[in-house]
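K.L.:
Structure supplied as start.txt; contents: compact mmCIF, C-alpha atoms and all ligand atoms.
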```
# COMPACT_ATOMS: atom_id res chain seq x y z
CA MET C 1 -19.85 10.54 -12.72
CA ALA C 2 -19.58 11.87 -9.13
CA VAL C 3 -16.39 13.68 -8.10
CA ARG C 4 -14.11 11.19 -6.36
CA ASP C 5 -11.25 11.67 -3.90
CA VAL C 6 -8.51 9.39 -5.19
CA ILE C 7 -5.59 8.92 -2.81
CA ILE C 8 -2.47 7.09 -3.95
CA LEU C 9 0.07 6.06 -1.29
CA ILE C 10 3.55 5.38 -2.64
CA GLY C 11 6.56 4.25 -0.65
CA PRO C 12 9.11 1.47 -0.39
CA PRO C 13 8.33 -1.87 1.28
CA GLY C 14 7.79 -1.20 4.99
CA SER C 15 7.21 2.54 4.67
CA GLY C 16 3.77 2.21 6.29
CA LYS C 17 1.40 2.24 3.30
CA GLY C 18 -0.80 -0.58 4.62
CA THR C 19 -0.84 0.82 8.16
CA GLN C 20 -1.83 4.26 6.95
CA ALA C 21 -4.29 3.13 4.26
CA LYS C 22 -6.30 1.42 6.98
CA ARG C 23 -6.27 4.56 9.12
CA LEU C 24 -7.23 6.78 6.19
CA GLU C 25 -10.12 4.44 5.46
CA ASN C 26 -11.55 5.46 8.85
CA ALA C 27 -10.43 9.09 8.82
CA LEU C 28 -11.77 9.84 5.33
CA SER C 29 -14.62 7.27 5.14
CA LEU C 30 -13.19 5.91 1.90
CA PRO C 31 -12.43 2.24 1.18
CA LYS C 32 -8.82 1.17 0.96
CA ILE C 33 -7.75 -0.88 -2.01
CA SER C 34 -4.54 -2.79 -1.39
CA THR C 35 -3.32 -4.81 -4.36
CA GLY C 36 -0.94 -6.72 -2.08
CA ASP C 37 -3.83 -7.74 0.22
CA MET C 38 -5.99 -8.70 -2.76
CA LEU C 39 -3.22 -10.87 -4.21
CA ARG C 40 -2.47 -12.52 -0.83
CA ASP C 41 -6.19 -13.21 -0.37
CA ALA C 42 -6.38 -14.80 -3.83
CA ILE C 43 -3.30 -16.90 -3.03
CA SER C 44 -4.74 -18.14 0.26
CA ARG C 45 -8.06 -19.05 -1.43
CA ARG C 46 -6.17 -20.71 -4.33
CA THR C 47 -8.18 -18.88 -6.99
CA ALA C 48 -6.91 -18.79 -10.60
CA LEU C 49 -5.45 -15.33 -9.91
CA GLY C 50 -3.78 -16.61 -6.75
CA MET C 51 -2.24 -19.62 -8.50
CA GLU C 52 -0.87 -17.33 -11.21
CA ALA C 53 0.48 -14.72 -8.77
CA LYS C 54 1.92 -16.89 -5.99
CA ARG C 55 5.41 -17.50 -7.30
CA THR C 56 5.88 -13.81 -8.21
CA VAL C 57 4.62 -12.49 -4.88
CA ASP C 58 6.73 -14.97 -2.90
CA SER C 59 9.85 -13.93 -4.80
CA GLY C 60 9.18 -10.19 -4.45
CA GLY C 61 8.71 -9.46 -8.17
CA LEU C 62 5.79 -7.58 -9.68
CA VAL C 63 2.70 -9.36 -10.94
CA SER C 64 1.96 -8.46 -14.57
CA ASP C 65 0.51 -5.05 -15.27
CA ASP C 66 -2.44 -6.48 -17.20
CA VAL C 67 -3.50 -8.68 -14.29
CA VAL C 68 -3.19 -5.95 -11.63
CA ASN C 69 -4.78 -3.26 -13.82
CA GLY C 70 -7.73 -5.58 -14.42
CA VAL C 71 -8.18 -6.35 -10.72
CA VAL C 72 -8.17 -2.65 -9.79
CA ALA C 73 -10.36 -1.56 -12.71
CA GLU C 74 -13.01 -4.03 -11.57
CA ARG C 75 -12.72 -3.12 -7.87
CA ILE C 76 -13.17 0.63 -8.40
CA GLN C 77 -16.47 0.03 -10.16
CA ALA C 78 -18.00 -1.14 -6.85
CA ALA C 79 -20.61 1.07 -5.20
CA ASP C 80 -18.43 1.79 -2.16
CA CYS C 81 -15.88 3.55 -4.42
CA ARG C 82 -18.43 6.10 -5.65
CA ASP C 83 -16.95 8.96 -3.55
CA GLY C 84 -13.35 7.83 -3.90
CA PHE C 85 -10.82 5.35 -2.51
CA VAL C 86 -7.34 4.98 -1.03
CA LEU C 87 -4.86 3.00 -3.13
CA ASP C 88 -2.12 1.09 -1.29
CA GLY C 89 0.53 -0.41 -3.58
CA TYR C 90 -1.05 0.62 -6.89
CA PRO C 91 -0.01 2.00 -9.31
CA ARG C 92 3.45 0.55 -8.95
CA ASN C 93 5.11 1.68 -12.15
CA VAL C 94 4.56 4.24 -14.91
CA SER C 95 2.73 1.80 -17.14
CA GLN C 96 0.16 1.05 -14.38
CA ALA C 97 -0.19 4.78 -13.68
CA GLU C 98 -0.94 5.46 -17.34
CA ALA C 99 -3.57 2.71 -17.43
CA PHE C 100 -5.10 3.91 -14.17
CA GLY C 101 -5.05 7.54 -15.34
CA ARG C 102 -7.37 6.60 -18.20
CA SER C 103 -10.00 5.56 -15.65
CA LEU C 104 -10.02 8.98 -13.93
CA GLY C 105 -12.71 11.54 -14.69
CA ALA C 106 -12.02 15.24 -15.22
CA GLY C 107 -13.39 16.17 -11.78
CA ASP C 108 -11.61 13.49 -9.75
CA ARG C 109 -9.33 14.91 -7.06
CA LEU C 110 -6.03 13.09 -7.13
CA SER C 111 -3.57 13.13 -4.19
CA VAL C 112 -0.34 11.20 -4.62
CA ILE C 113 1.60 10.98 -1.38
CA GLU C 114 5.02 9.46 -0.97
CA LEU C 115 5.94 8.08 2.45
CA GLY C 116 9.63 8.67 3.05
CA VAL C 117 11.54 6.31 5.35
CA ASP C 118 15.31 5.80 5.65
CA THR C 119 16.32 2.61 3.86
CA ASP C 120 18.15 1.20 6.89
CA ARG C 121 14.88 1.22 8.91
CA LEU C 122 12.91 -0.75 6.35
CA VAL C 123 14.51 -4.18 6.80
CA ALA C 124 14.23 -3.86 10.58
CA ARG C 125 10.56 -2.91 10.33
CA LEU C 126 9.66 -5.73 7.96
CA THR C 127 11.48 -8.53 9.75
CA ARG C 128 9.58 -7.50 12.92
CA ARG C 129 6.19 -7.12 11.22
CA ARG C 130 3.39 -9.48 12.18
CA THR C 131 -0.02 -9.43 10.50
CA CYS C 132 -3.32 -10.86 11.67
CA GLY C 133 -4.24 -13.82 9.50
CA SER C 134 -7.95 -13.07 10.07
CA CYS C 135 -8.52 -9.30 9.92
CA GLY C 136 -5.21 -8.06 8.43
CA GLU C 137 -4.32 -5.76 11.35
CA ILE C 138 -0.62 -4.87 11.15
CA TYR C 139 1.68 -5.10 14.19
CA ASN C 140 5.36 -4.65 14.83
CA LEU C 141 7.31 -6.45 17.53
CA GLU C 142 9.20 -3.20 18.22
CA SER C 143 6.98 -0.20 17.44
CA ARG C 144 3.49 -1.70 17.75
CA PRO C 145 3.59 -4.99 19.66
CA PRO C 146 0.40 -6.96 20.36
CA GLU C 147 -0.72 -7.00 24.00
CA VAL C 148 -0.66 -10.81 23.98
CA ALA C 149 2.18 -12.37 22.00
CA GLY C 150 0.99 -13.90 18.74
CA VAL C 151 -2.64 -12.80 19.16
CA CYS C 152 -4.47 -9.99 17.38
CA GLY C 153 -5.86 -7.49 19.90
CA ARG C 154 -8.63 -6.57 17.50
CA CYS C 155 -10.15 -9.94 16.59
CA GLY C 156 -8.22 -12.62 18.49
CA GLY C 157 -6.76 -14.07 15.28
CA ASP C 158 -3.27 -15.56 14.98
CA LEU C 159 -0.44 -13.23 14.03
CA VAL C 160 1.69 -14.45 11.15
CA ARG C 161 4.86 -13.40 9.38
CA ARG C 162 4.42 -12.72 5.65
CA SER C 163 6.19 -15.22 3.40
CA ASP C 164 7.92 -12.34 1.53
CA ASP C 165 9.31 -10.82 4.75
CA THR C 166 12.59 -12.72 4.77
CA GLU C 167 15.66 -10.51 4.57
CA ALA C 168 16.66 -11.79 1.10
CA VAL C 169 13.21 -11.20 -0.39
CA ILE C 170 12.90 -7.80 1.32
CA ARG C 171 16.15 -6.68 -0.34
CA GLY C 172 14.85 -7.94 -3.70
CA ARG C 173 11.60 -5.97 -3.19
CA MET C 174 13.66 -2.86 -2.51
CA ASP C 175 15.55 -3.35 -5.78
CA VAL C 176 12.22 -3.68 -7.57
CA TYR C 177 11.03 -0.48 -5.88
CA ARG C 178 14.11 1.41 -7.07
CA ALA C 179 13.81 0.11 -10.63
CA GLU C 180 10.02 0.27 -11.11
CA THR C 181 8.48 2.66 -8.59
CA GLU C 182 11.03 5.46 -8.20
CA PRO C 183 10.42 6.44 -11.86
CA LEU C 184 6.71 6.58 -10.96
CA VAL C 185 7.48 9.08 -8.18
CA ARG C 186 9.25 11.26 -10.76
CA PHE C 187 6.26 10.84 -13.11
CA TYR C 188 3.82 12.19 -10.51
CA ARG C 189 6.25 14.89 -9.36
CA GLY C 190 6.33 16.11 -12.94
CA ASN C 191 2.57 16.49 -13.20
CA GLY C 192 2.12 18.40 -9.94
CA HIS C 193 0.12 15.82 -7.96
CA HIS C 194 2.93 14.65 -5.72
CA SER C 195 3.59 15.48 -2.08
CA GLN C 196 5.77 13.83 0.55
CA VAL C 197 5.10 12.92 4.18
CA ASP C 198 7.71 11.81 6.72
CA GLY C 199 7.05 8.12 7.32
CA MET C 200 9.61 8.01 10.16
CA ALA C 201 7.32 9.96 12.51
CA PRO C 202 5.12 8.14 15.06
CA ILE C 203 2.18 6.37 13.40
CA ASP C 204 -0.49 8.82 14.68
CA ASP C 205 1.52 11.82 13.46
CA VAL C 206 1.94 10.27 10.02
CA THR C 207 -1.84 9.87 9.79
CA ASP C 208 -2.42 13.50 10.80
CA ASN C 209 0.12 14.70 8.25
CA LEU C 210 -1.42 12.59 5.50
CA VAL C 211 -4.90 13.93 6.22
CA GLY C 212 -3.46 17.46 6.18
CA ALA C 213 -1.73 16.84 2.85
CA ILE C 214 -4.90 15.37 1.32
CA ARG C 215 -7.15 18.19 2.51
CA GLY C 216 -4.58 20.75 1.37
CA SER C 217 -4.41 19.29 -2.12
CA ALA C 218 -8.17 19.10 -2.71
CA PRO C 219 -9.44 22.08 -4.70
CA GLY C 220 -11.46 24.20 -2.31
CA GLY C 221 -10.42 21.88 0.52
P1 LIG T 1 2.55 -5.07 -0.92
O1 LIG T 1 1.72 -5.78 0.05
O2 LIG T 1 2.05 -3.79 -1.52
O3 LIG T 1 4.00 -4.89 -0.26
P2 LIG T 1 5.06 -3.69 -0.20
O4 LIG T 1 4.84 -2.58 -1.18
O5 LIG T 1 6.37 -4.36 -0.27
O6 LIG T 1 4.77 -3.00 1.13
P3 LIG T 1 4.55 -3.69 2.51
O7 LIG T 1 3.14 -4.18 2.60
O8 LIG T 1 5.64 -4.67 2.79
O9 LIG T 1 4.83 -2.46 3.49
P4 LIG T 1 3.92 -1.22 3.85
O10 LIG T 1 4.49 0.00 3.20
O11 LIG T 1 2.47 -1.50 3.61
O12 LIG T 1 4.24 -1.12 5.41
P5 LIG T 1 3.33 -1.56 6.69
O13 LIG T 1 2.25 -0.55 6.88
O14 LIG T 1 2.96 -2.99 6.64
O15 LIG T 1 2.90 -6.03 -2.14
C1 LIG T 1 3.34 -7.35 -1.93
C2 LIG T 1 3.60 -8.02 -3.27
O16 LIG T 1 2.37 -8.07 -4.06
C3 LIG T 1 4.59 -7.29 -4.19
O17 LIG T 1 5.94 -7.63 -3.88
C4 LIG T 1 4.15 -7.80 -5.58
O18 LIG T 1 4.60 -9.11 -5.79
C5 LIG T 1 2.64 -7.83 -5.45
N1 LIG T 1 2.01 -6.57 -5.83
C6 LIG T 1 1.31 -5.73 -5.00
N2 LIG T 1 0.86 -4.67 -5.69
C7 LIG T 1 1.29 -4.83 -6.98
C8 LIG T 1 1.16 -4.04 -8.15
N3 LIG T 1 0.50 -2.86 -8.17
N4 LIG T 1 1.73 -4.50 -9.31
C9 LIG T 1 2.37 -5.68 -9.32
N5 LIG T 1 2.55 -6.49 -8.24
C10 LIG T 1 2.00 -6.05 -7.07
O19 LIG T 1 4.42 -1.30 7.85
C11 LIG T 1 5.58 -2.13 7.93
C12 LIG T 1 5.94 -2.34 9.41
O20 LIG T 1 6.35 -1.08 9.96
C13 LIG T 1 4.76 -2.83 10.26
O21 LIG T 1 5.24 -3.74 11.24
C14 LIG T 1 4.23 -1.54 10.94
O22 LIG T 1 3.63 -1.79 12.23
C15 LIG T 1 5.51 -0.73 11.07
N6 LIG T 1 5.27 0.73 10.98
C16 LIG T 1 4.44 1.35 10.10
N7 LIG T 1 4.50 2.69 10.27
C17 LIG T 1 5.40 2.91 11.26
C18 LIG T 1 5.89 4.10 11.90
N8 LIG T 1 5.47 5.33 11.51
N9 LIG T 1 6.80 3.95 12.89
C19 LIG T 1 7.24 2.72 13.28
N10 LIG T 1 6.80 1.55 12.73
C20 LIG T 1 5.88 1.65 11.72
```
So, in terms of structure tokens, how does the structure I just supplied come out?
P.N.:
Amino acid sequence: MAVRDVIILIGPPGSGKGTQAKRLENALSLPKISTGDMLRDAISRRTALGMEAKRTVDSGGLVSDDVVNGVVAERIQAADCRDGFVLDGYPRNVSQAEAFGRSLGAGDRLSVIELGVDTDRLVARLTRRRTCGSCGEIYNLESRPPEVAGVCGRCGGDLVRRSDDTEAVIRGRMDVYRAETEPLVRFYRGNGHHSQVDGMAPIDDVTDNLVGAIRGSAPGG
């Protein structure tokens, strides 16, 4: 198997994982794999997976490990993942990390990067987030507003608010992050793959710092 660059972005809801995964896709020429996007796509197309996941995603809970592990295991077999990929939102807990770890080869270069953002900024970011319903471009009414209100500057699609971006559900997602994903951060810290990048910096700076962290962690890189 070819050596792959495997990037895992970890961070609380609203820390910028989706924004940065898309930028890393371009900067590193690696596909991004966002489990949240895949689940939302399945929900909007009303597939069997979408029907099963909808209630959980809408309420801010985690979809079952078996389902998500299966979706990712299949996706990373695709030809475009041959040289590596950027994971946004997966793994989400230690059990998913252990399952995913079994799919890694000895030569794969793993970079696990945690995006740190103050908790009090997260609710403000998410209640002001708007996402293009067509191409998935992510906007923010405060930090990255569209040029024309409600319209995606990239493809002309309509901007929508995610159904799980209500304040009550956001707070529930943060509780889930603390209970399920913070132990995962400690798991990766313990095995030496973890680094942290300041997610409060301007978006371009965060991208530069991520690329620096990834290149710094690659053997020989
Ligand atoms: P998912 O889509 O992964 O949601 P999340 O983890 O809650 O993260 P978000 O997408 O809300 O935030 P983000 O960190 O991507 O921030 P963004 O870049 O958009 O998952 C959704 C649901 O799917 C889960 O609740 C669960 O039900 C299910 N699910 C997904 N994966 C799963 C898994 N592995 N296992 C089980 N269930 C799973 O940025 C947020 C806002 O901030 C935007 O408006 C953006 O413009 C702005 N912003 C970004 N960066 C900056 C910056 N540096 N400065 C100022 N503003 C910024």
K.L.:
I'd like the contact shell of range 104-119 of chain C - 6 Å cut-off, only C-alpha atoms, skipping same-chain residues fewer than 4 positions apart - returned as JSON, numbers by chain.
P.N.:
{"C": [3, 4, 5, 6, 7, 8, 9, 10, 11, 15, 193, 194, 195, 196, 197, 198, 199, 200]}
K.L.:
Tell me, in Å to one decimal, how far atom C16 of ligand LIG 1 (chain T) is from CA of Thr131 in chain C.
P.N.:
11.7 Å
K.L.:
For the atom pair CA of Glu180 in chain C and atom O1 of ligand LIG 1 (chain T), what is the interatomic distance in Å to one decimal place?
P.N.:
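Computing it gives 15.2 Å between the two atoms.
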K.L.:
Within 7 Å of ligand LIG 1 (chain T), counting only C-alpha atoms and all ligand atoms, which protein or nucleic acid residues do you find, written as a PyMOL selection string?
P.N.:
chain C and resi 11-20+34-37+39+56-58+60-65+68+88-92+125-126+128-130+138-140+143-144+173+199-203+206
K.L.:
Check the smallest atom-to-atom distance from each of C:Glu137, C:Asp208, C:Asp41, C:Glu147 to Lys54 in chain C using only C-alpha atoms, then report the winner.
P.N.:
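Ranking C:Glu137, C:Asp208, C:Asp41, C:Glu147 by distance to Lys54 in chain C, first place goes to C:Asp41.
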K.L.:
From the set C:Arg171, C:Gly156, C:Cys135, C:Asn209, which residue has the shortest atom-to-atom contact distance to Lys22 in chain C, counting only C-alpha atoms?
P.N.:
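Of all the options, C:Cys135 lies closest to Lys22 in chain C.
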K.L.:
Could you pull the residues within 12 Å of Ala27 in chain C, counting only C-alpha atoms, minus those fewer than 4 positions along the same chain, as a count of residues only?
P.N.:
17
K.L.:
Could you please give me, as a ChimeraX atom specification, the residues of protein, DNA or RNA lying at most 12 Å from (-5.6, -14.2, -12.6) in the coordinate frame of the file, considering all atoms listed in the file?
P.N.:
/C:38-39,42-43,46-54,63-71
K.L.:
Could you work out how far CA of Ile76 in chain C lies from CA of Asn191 in chain C, giving the answer in Å with one decimal?
P.N.:
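Those two atoms sit 22.9 Å apart.
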K.L.:
Which residue, C:Cys132, C:Leu87, C:Val123, C:Leu28, has the smallest gap to Gly172 in chain C when you use all atoms listed in the file?
P.N.:
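Closest to Gly172 in chain C, using all atoms listed in the file: C:Val123.
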K.L.:
Quick one: of C:Ser59, C:Ser134, C:Gln77, C:Gln96, who's nearest to Ala168 in chain C, counting all atoms listed in the file?
P.N.:
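Using all atoms listed in the file, the shortest distance to Ala168 in chain C belongs to C:Ser59.
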K.L.:
Place N, CA, C and O atoms on range 160-184 of chain C and deliver the coordinates as a CSV table (one decimal), in the frame of the given file.
P.N.:
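Output file result11.csv is given in full below:
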```csv
chain,number,residue,atom,x,y,z
C,160,VAL,N,0.8,-13.7,12.0
C,160,VAL,CA,1.7,-14.4,11.2
C,160,VAL,C,2.7,-13.5,10.5
C,160,VAL,O,2.5,-12.3,10.5
C,161,ARG,N,3.8,-14.1,10.1
C,161,ARG,CA,4.9,-13.4,9.4
C,161,ARG,C,4.6,-13.6,7.9
C,161,ARG,O,4.4,-14.8,7.5
C,162,ARG,N,4.6,-12.6,7.1
C,162,ARG,CA,4.4,-12.7,5.6
C,162,ARG,C,5.5,-13.5,5.0
C,162,ARG,O,6.7,-13.4,5.4
C,163,SER,N,5.2,-14.3,4.0
C,163,SER,CA,6.2,-15.2,3.4
C,163,SER,C,7.2,-14.4,2.6
C,163,SER,O,8.4,-14.9,2.4
C,164,ASP,N,6.9,-13.2,2.3
C,164,ASP,CA,7.9,-12.3,1.5
C,164,ASP,C,8.7,-11.4,2.5
C,164,ASP,O,9.3,-10.5,2.0
C,165,ASP,N,8.6,-11.7,3.8
C,165,ASP,CA,9.3,-10.8,4.8
C,165,ASP,C,10.6,-11.5,5.3
C,165,ASP,O,11.0,-11.2,6.4
C,166,THR,N,11.2,-12.3,4.4
C,166,THR,CA,12.6,-12.7,4.8
C,166,THR,C,13.6,-11.7,4.3
C,166,THR,O,13.3,-10.9,3.3
C,167,GLU,N,14.7,-11.6,4.9
C,167,GLU,CA,15.7,-10.5,4.6
C,167,GLU,C,16.0,-10.5,3.1
C,167,GLU,O,16.1,-9.5,2.4
C,168,ALA,N,16.3,-11.7,2.5
C,168,ALA,CA,16.7,-11.8,1.1
C,168,ALA,C,15.6,-11.3,0.2
C,168,ALA,O,15.8,-10.5,-0.7
C,169,VAL,N,14.3,-11.7,0.5
C,169,VAL,CA,13.2,-11.2,-0.4
C,169,VAL,C,13.0,-9.7,-0.2
C,169,VAL,O,12.7,-9.0,-1.1
C,170,ILE,N,13.1,-9.2,1.1
C,170,ILE,CA,12.9,-7.8,1.3
C,170,ILE,C,13.9,-7.0,0.5
C,170,ILE,O,13.5,-6.0,-0.2
C,171,ARG,N,15.1,-7.4,0.4
C,171,ARG,CA,16.2,-6.7,-0.3
C,171,ARG,C,15.8,-6.7,-1.8
C,171,ARG,O,16.0,-5.7,-2.5
C,172,GLY,N,15.3,-7.8,-2.3
C,172,GLY,CA,14.8,-7.9,-3.7
C,172,GLY,C,13.7,-7.0,-4.0
C,172,GLY,O,13.6,-6.3,-5.0
C,173,ARG,N,12.7,-6.9,-3.0
C,173,ARG,CA,11.6,-6.0,-3.2
C,173,ARG,C,12.1,-4.5,-3.2
C,173,ARG,O,11.5,-3.7,-4.0
C,174,MET,N,13.1,-4.2,-2.5
C,174,MET,CA,13.7,-2.9,-2.5
C,174,MET,C,14.3,-2.6,-3.9
C,174,MET,O,14.2,-1.4,-4.4
C,175,ASP,N,15.0,-3.5,-4.4
C,175,ASP,CA,15.6,-3.4,-5.8
C,175,ASP,C,14.4,-3.1,-6.8
C,175,ASP,O,14.6,-2.2,-7.7
C,176,VAL,N,13.4,-3.9,-6.7
C,176,VAL,CA,12.2,-3.7,-7.6
C,176,VAL,C,11.6,-2.3,-7.4
C,176,VAL,O,11.3,-1.6,-8.4
C,177,TYR,N,11.6,-1.8,-6.1
C,177,TYR,CA,11.0,-0.5,-5.9
C,177,TYR,C,11.9,0.6,-6.6
C,177,TYR,O,11.4,1.5,-7.3
C,178,ARG,N,13.2,0.4,-6.4
C,178,ARG,CA,14.1,1.4,-7.1
C,178,ARG,C,14.0,1.4,-8.6
C,178,ARG,O,13.9,2.5,-9.2
C,179,ALA,N,13.8,0.2,-9.2
C,179,ALA,CA,13.8,0.1,-10.6
C,179,ALA,C,12.4,0.5,-11.2
C,179,ALA,O,12.4,1.2,-12.2
C,180,GLU,N,11.4,0.1,-10.5
C,180,GLU,CA,10.0,0.3,-11.1
C,180,GLU,C,9.3,1.5,-10.5
C,180,GLU,O,8.5,2.1,-11.3
C,181,THR,N,9.4,1.7,-9.2
C,181,THR,CA,8.5,2.7,-8.6
C,181,THR,C,9.1,4.0,-8.4
C,181,THR,O,8.4,5.0,-8.5
C,182,GLU,N,10.4,4.1,-8.3
C,182,GLU,CA,11.0,5.5,-8.2
C,182,GLU,C,10.8,6.3,-9.5
C,182,GLU,O,10.5,7.5,-9.4
C,183,PRO,N,10.8,5.7,-10.7
C,183,PRO,CA,10.4,6.4,-11.9
C,183,PRO,C,9.0,6.9,-11.8
C,183,PRO,O,8.6,8.0,-12.3
C,184,LEU,N,8.1,6.2,-11.1
C,184,LEU,CA,6.7,6.6,-11.0
C,184,LEU,C,6.6,7.8,-10.1
C,184,LEU,O,5.8,8.7,-10.3
```
